[in-house]
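Note sheet for the following structure.
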Amino acid sequence: MSSPHHGINTPLSRRSFLVASGMGLAGTAWGTTAPAAAANVPQGRKLAKSTILFFLCGGSSHIDMWDLKPKAPIEYRGPFAPIATTAPGIELSEHLPLLAQQAHHLNIVRSVGATVNTNAAKKPARPQLPSAITLPHKPSRAPYTRPGQFAARIGPEFDPLYINGSHENPLQFHAPSLVLDGDVSPERLTNRRELLNTVDAARRDFETNASPKTWSNQQKRAVNLLLSSSTTEAFNVAAEPTALRERYGETINGMSLLLARRLVEAEVPFITVFWKGDTALNKKCKSAGSWDTHGNNFNCLKENLLPEFDRGFSALIEDLSDRGLLDETLLLVSSEMGRTPKIGDRRSGGVAGAGRDHWTHCLSNVFAGGGMSGGQVYGATDRFAQFPADRPVTPAHIAKTVYHAMGVDDIEFQDREGRPYDALPNGYPLTELF
């Protein structure tokens, strides 16, 4: 379906915007692919060694965060006012005061339409940790899974490693697939591994198809991870100074961002942080506790969602910058979609419910670091923030911008049958941001 308002294709499904985890934008999780062709990088520009995707599950409100319309009628703009930032000419929501102090690092793309494009990546695997890690939860499970969350055509051995965390114990993270039974020590695991090697040797001649080979590769990598002290240390956010943890906010989302920074230091190429909602907000926001604010949109943003987001994401930018890592780390904030610019959602009583429904026509993406200049806005929406009005782009452009930042131009792959295909035939990188 095409919209006459903005000139790009926009299928209008609930989850029609880019949904990306470890395989959705950048990082090959459990293996290697053909060598990637290096991007044409201007002299002096640093390539991003890692990307952190911060995904605001549920569909965050672009018009209340990144693209306020103070001159629009009240039924569109709502009660939030824009505030000045450290970037001349860029205003953010008054409820993002800490990010306003980091706006000179931000690159806001306001004209993203809603064409689905998922893809995979070509970054070399690391000796200990996998190349793609997703935390602190898996927001979708079979039979309903989000586009781009898994490796799909490339095969399950390239799925990201999932790390779990909880609201109750935000300093504790673990990989469900890498947890030893209580009575199994690393030493006992090693002995069992030797036994398995003996058994595997006896049946090696029978492994004539891809499935057992894939399983064998996953076994080997899982054991290597379990026996690696660097794996355990990377997940230990409790080792960080108390003052720094408090700066991020000791919530599951704040600590997930702090863990993401630690994974950058461990040279993991692609980290996805899926915002973990609080089910205590379900009734208040007519949602599943995340950014799907069908009701009470403004109070839910002001009192719950924006303060935690503002604190954690601004701390991540500040922390990476202080450590000299921001230029070589690309940050991307995204979501399934935007929200209806006109206030009122039938699920919460219409205008009286003060909610915003799903809006797949338009949303804002935000970049920081990764060799970008910072303090920039790309594209614009119409006066109601309903449709892209200037320099419209799609998720394919966003994905290719990530690849460009990481120095990857070749994104051709082979599927499990060995057939070549272009993972992302549309779009181009937004090189003006660099």
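Naming works like this for the structure tokens: A, B, ... for the chains as they're shown, residue 1 at the start of each chain, ligands 1 onward in shown order.
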Would you give me, as a CSV table (one decimal) with N, CA and C atoms, in the first residue's frame, the residues in stretch 301-393 of chain A that DSSP reads as alpha helix (DSSP H)?
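Result written to result-v2.csv:
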```csv
chain,number,residue,atom,x,y,z
A,306,LEU,N,9.6,8.0,30.0
A,306,LEU,CA,10.7,9.0,29.7
A,306,LEU,C,11.8,9.2,30.7
A,307,PRO,N,11.5,9.3,32.0
A,307,PRO,CA,12.5,9.5,33.0
A,307,PRO,C,13.6,8.3,32.9
A,308,GLU,N,13.1,7.1,32.9
A,308,GLU,CA,14.0,6.0,32.8
A,308,GLU,C,14.8,5.9,31.5
A,309,PHE,N,14.1,6.2,30.4
A,309,PHE,CA,14.9,6.2,29.1
A,309,PHE,C,15.9,7.4,29.1
A,310,ASP,N,15.5,8.6,29.5
A,310,ASP,CA,16.3,9.7,29.5
A,310,ASP,C,17.6,9.5,30.3
A,311,ARG,N,17.4,8.9,31.5
A,311,ARG,CA,18.5,8.7,32.4
A,311,ARG,C,19.5,7.7,31.8
A,312,GLY,N,19.0,6.5,31.4
A,312,GLY,CA,19.8,5.4,30.9
A,312,GLY,C,20.5,5.7,29.6
A,313,PHE,N,19.8,6.2,28.6
A,313,PHE,CA,20.4,6.5,27.3
A,313,PHE,C,21.4,7.6,27.4
A,314,SER,N,21.1,8.7,28.1
A,314,SER,CA,22.0,9.8,28.2
A,314,SER,C,23.3,9.3,29.0
A,315,ALA,N,23.2,8.4,29.9
A,315,ALA,CA,24.3,7.9,30.6
A,315,ALA,C,25.2,7.1,29.7
A,316,LEU,N,24.6,6.3,28.8
A,316,LEU,CA,25.3,5.5,27.9
A,316,LEU,C,26.2,6.4,27.0
A,317,ILE,N,25.6,7.4,26.4
A,317,ILE,CA,26.3,8.3,25.6
A,317,ILE,C,27.5,9.0,26.3
A,318,GLU,N,27.2,9.4,27.5
A,318,GLU,CA,28.2,10.1,28.3
A,318,GLU,C,29.3,9.2,28.7
A,319,ASP,N,29.0,8.0,29.1
A,319,ASP,CA,29.9,7.0,29.5
A,319,ASP,C,30.9,6.6,28.4
A,320,LEU,N,30.3,6.3,27.2
A,320,LEU,CA,31.1,5.9,26.0
A,320,LEU,C,32.0,7.1,25.6
A,321,SER,N,31.5,8.3,25.7
A,321,SER,CA,32.3,9.5,25.3
A,321,SER,C,33.4,9.7,26.3
A,322,ASP,N,33.2,9.5,27.6
A,322,ASP,CA,34.2,9.7,28.6
A,322,ASP,C,35.3,8.7,28.4
```
From the list A:Arg110, A:Lys138, A:Arg346, A:Arg262, the nearest residue to A:Leu363 using only C-alpha atoms is A:Arg110
Using only C-alpha atoms, pick whichever of A:Ala380, A:Leu92, A:Val333, A:Cys57 has the shortest atom-to-atom distance to A:Pro70.
A:Leu92
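Of the listed residues (A:Lys400, A:His62, A:Arg323, A:Lys69), A:His62 comes nearest to A:Asn365; the distances count only C-alpha atoms.
The residue that comes closest to A:Ala280, out of A:Thr251, A:His167, A:Ala423, A:Gly350 and on the basis of only C-alpha atoms, is A:His167.
Between atom CA of A:Val393 and atom CA of A:Val268 there is a distance of 28.4 Å.
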Shell of 9 Å around A:Asp64, only C-alpha atoms, local chain residues under 3 positions omitted, as a count of residues only:
15
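The spacing separating atom CA of A:Asp357 from atom CA of A:Thr340 amounts to 5.3 Å.
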I need the residues in stretch 293-346 of chain A that are strand (DSSP E) according to DSSP; give them as a list in words.
Thr329, Leu330, Leu331, Leu332, Val333, Ser334, Gly338 and Arg339 of chain A
Written file, previous selection with N, CA and C atoms, as a PDB file, in the first residue's frame:
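Result went into part_8.pdb, see below:
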```
ATOM      1  N   THR A 329      31.655   3.395  18.401  1.00  0.00           N
ATOM      2  CA  THR A 329      30.440   2.676  18.789  1.00  0.00           C
ATOM      3  C   THR A 329      29.236   3.421  18.233  1.00  0.00           C
ATOM      4  N   LEU A 330      28.454   2.754  17.408  1.00  0.00           N
ATOM      5  CA  LEU A 330      27.246   3.363  16.860  1.00  0.00           C
ATOM      6  C   LEU A 330      26.062   3.027  17.752  1.00  0.00           C
ATOM      7  N   LEU A 331      25.312   4.043  18.141  1.00  0.00           N
ATOM      8  CA  LEU A 331      24.086   3.860  18.914  1.00  0.00           C
ATOM      9  C   LEU A 331      22.884   4.149  18.017  1.00  0.00           C
ATOM     10  N   LEU A 332      21.867   3.319  18.125  1.00  0.00           N
ATOM     11  CA  LEU A 332      20.646   3.512  17.353  1.00  0.00           C
ATOM     12  C   LEU A 332      19.448   3.264  18.245  1.00  0.00           C
ATOM     13  N   VAL A 333      18.551   4.239  18.322  1.00  0.00           N
ATOM     14  CA  VAL A 333      17.274   4.082  19.031  1.00  0.00           C
ATOM     15  C   VAL A 333      16.180   3.907  17.987  1.00  0.00           C
ATOM     16  N   SER A 334      15.416   2.848  18.120  1.00  0.00           N
ATOM     17  CA  SER A 334      14.351   2.587  17.168  1.00  0.00           C
ATOM     18  C   SER A 334      13.162   1.972  17.899  1.00  0.00           C
ATOM     19  N   GLY A 338       5.724   4.665  15.038  1.00  0.00           N
ATOM     20  CA  GLY A 338       5.392   5.829  15.843  1.00  0.00           C
ATOM     21  C   GLY A 338       3.998   5.658  16.432  1.00  0.00           C
ATOM     22  N   ARG A 339       3.436   6.776  16.899  1.00  0.00           N
ATOM     23  CA  ARG A 339       2.083   6.720  17.440  1.00  0.00           C
ATOM     24  C   ARG A 339       1.237   7.820  16.792  1.00  0.00           C
TER      25      ARG A 339
END
```
Exercise: stretch 46-55 of chain A partners within 8 Å, only C-alpha atoms, chain neighbours under 6 positions left out, as a ChimeraX atom specification:
/A:21,26,260,264,267-275,327-335,370-371,402,405-407
Across A:Gly324, A:Leu135, A:Asn297, A:Asp278, the smallest distance to A:Leu258, with only C-alpha atoms counted, is shown by A:Leu135
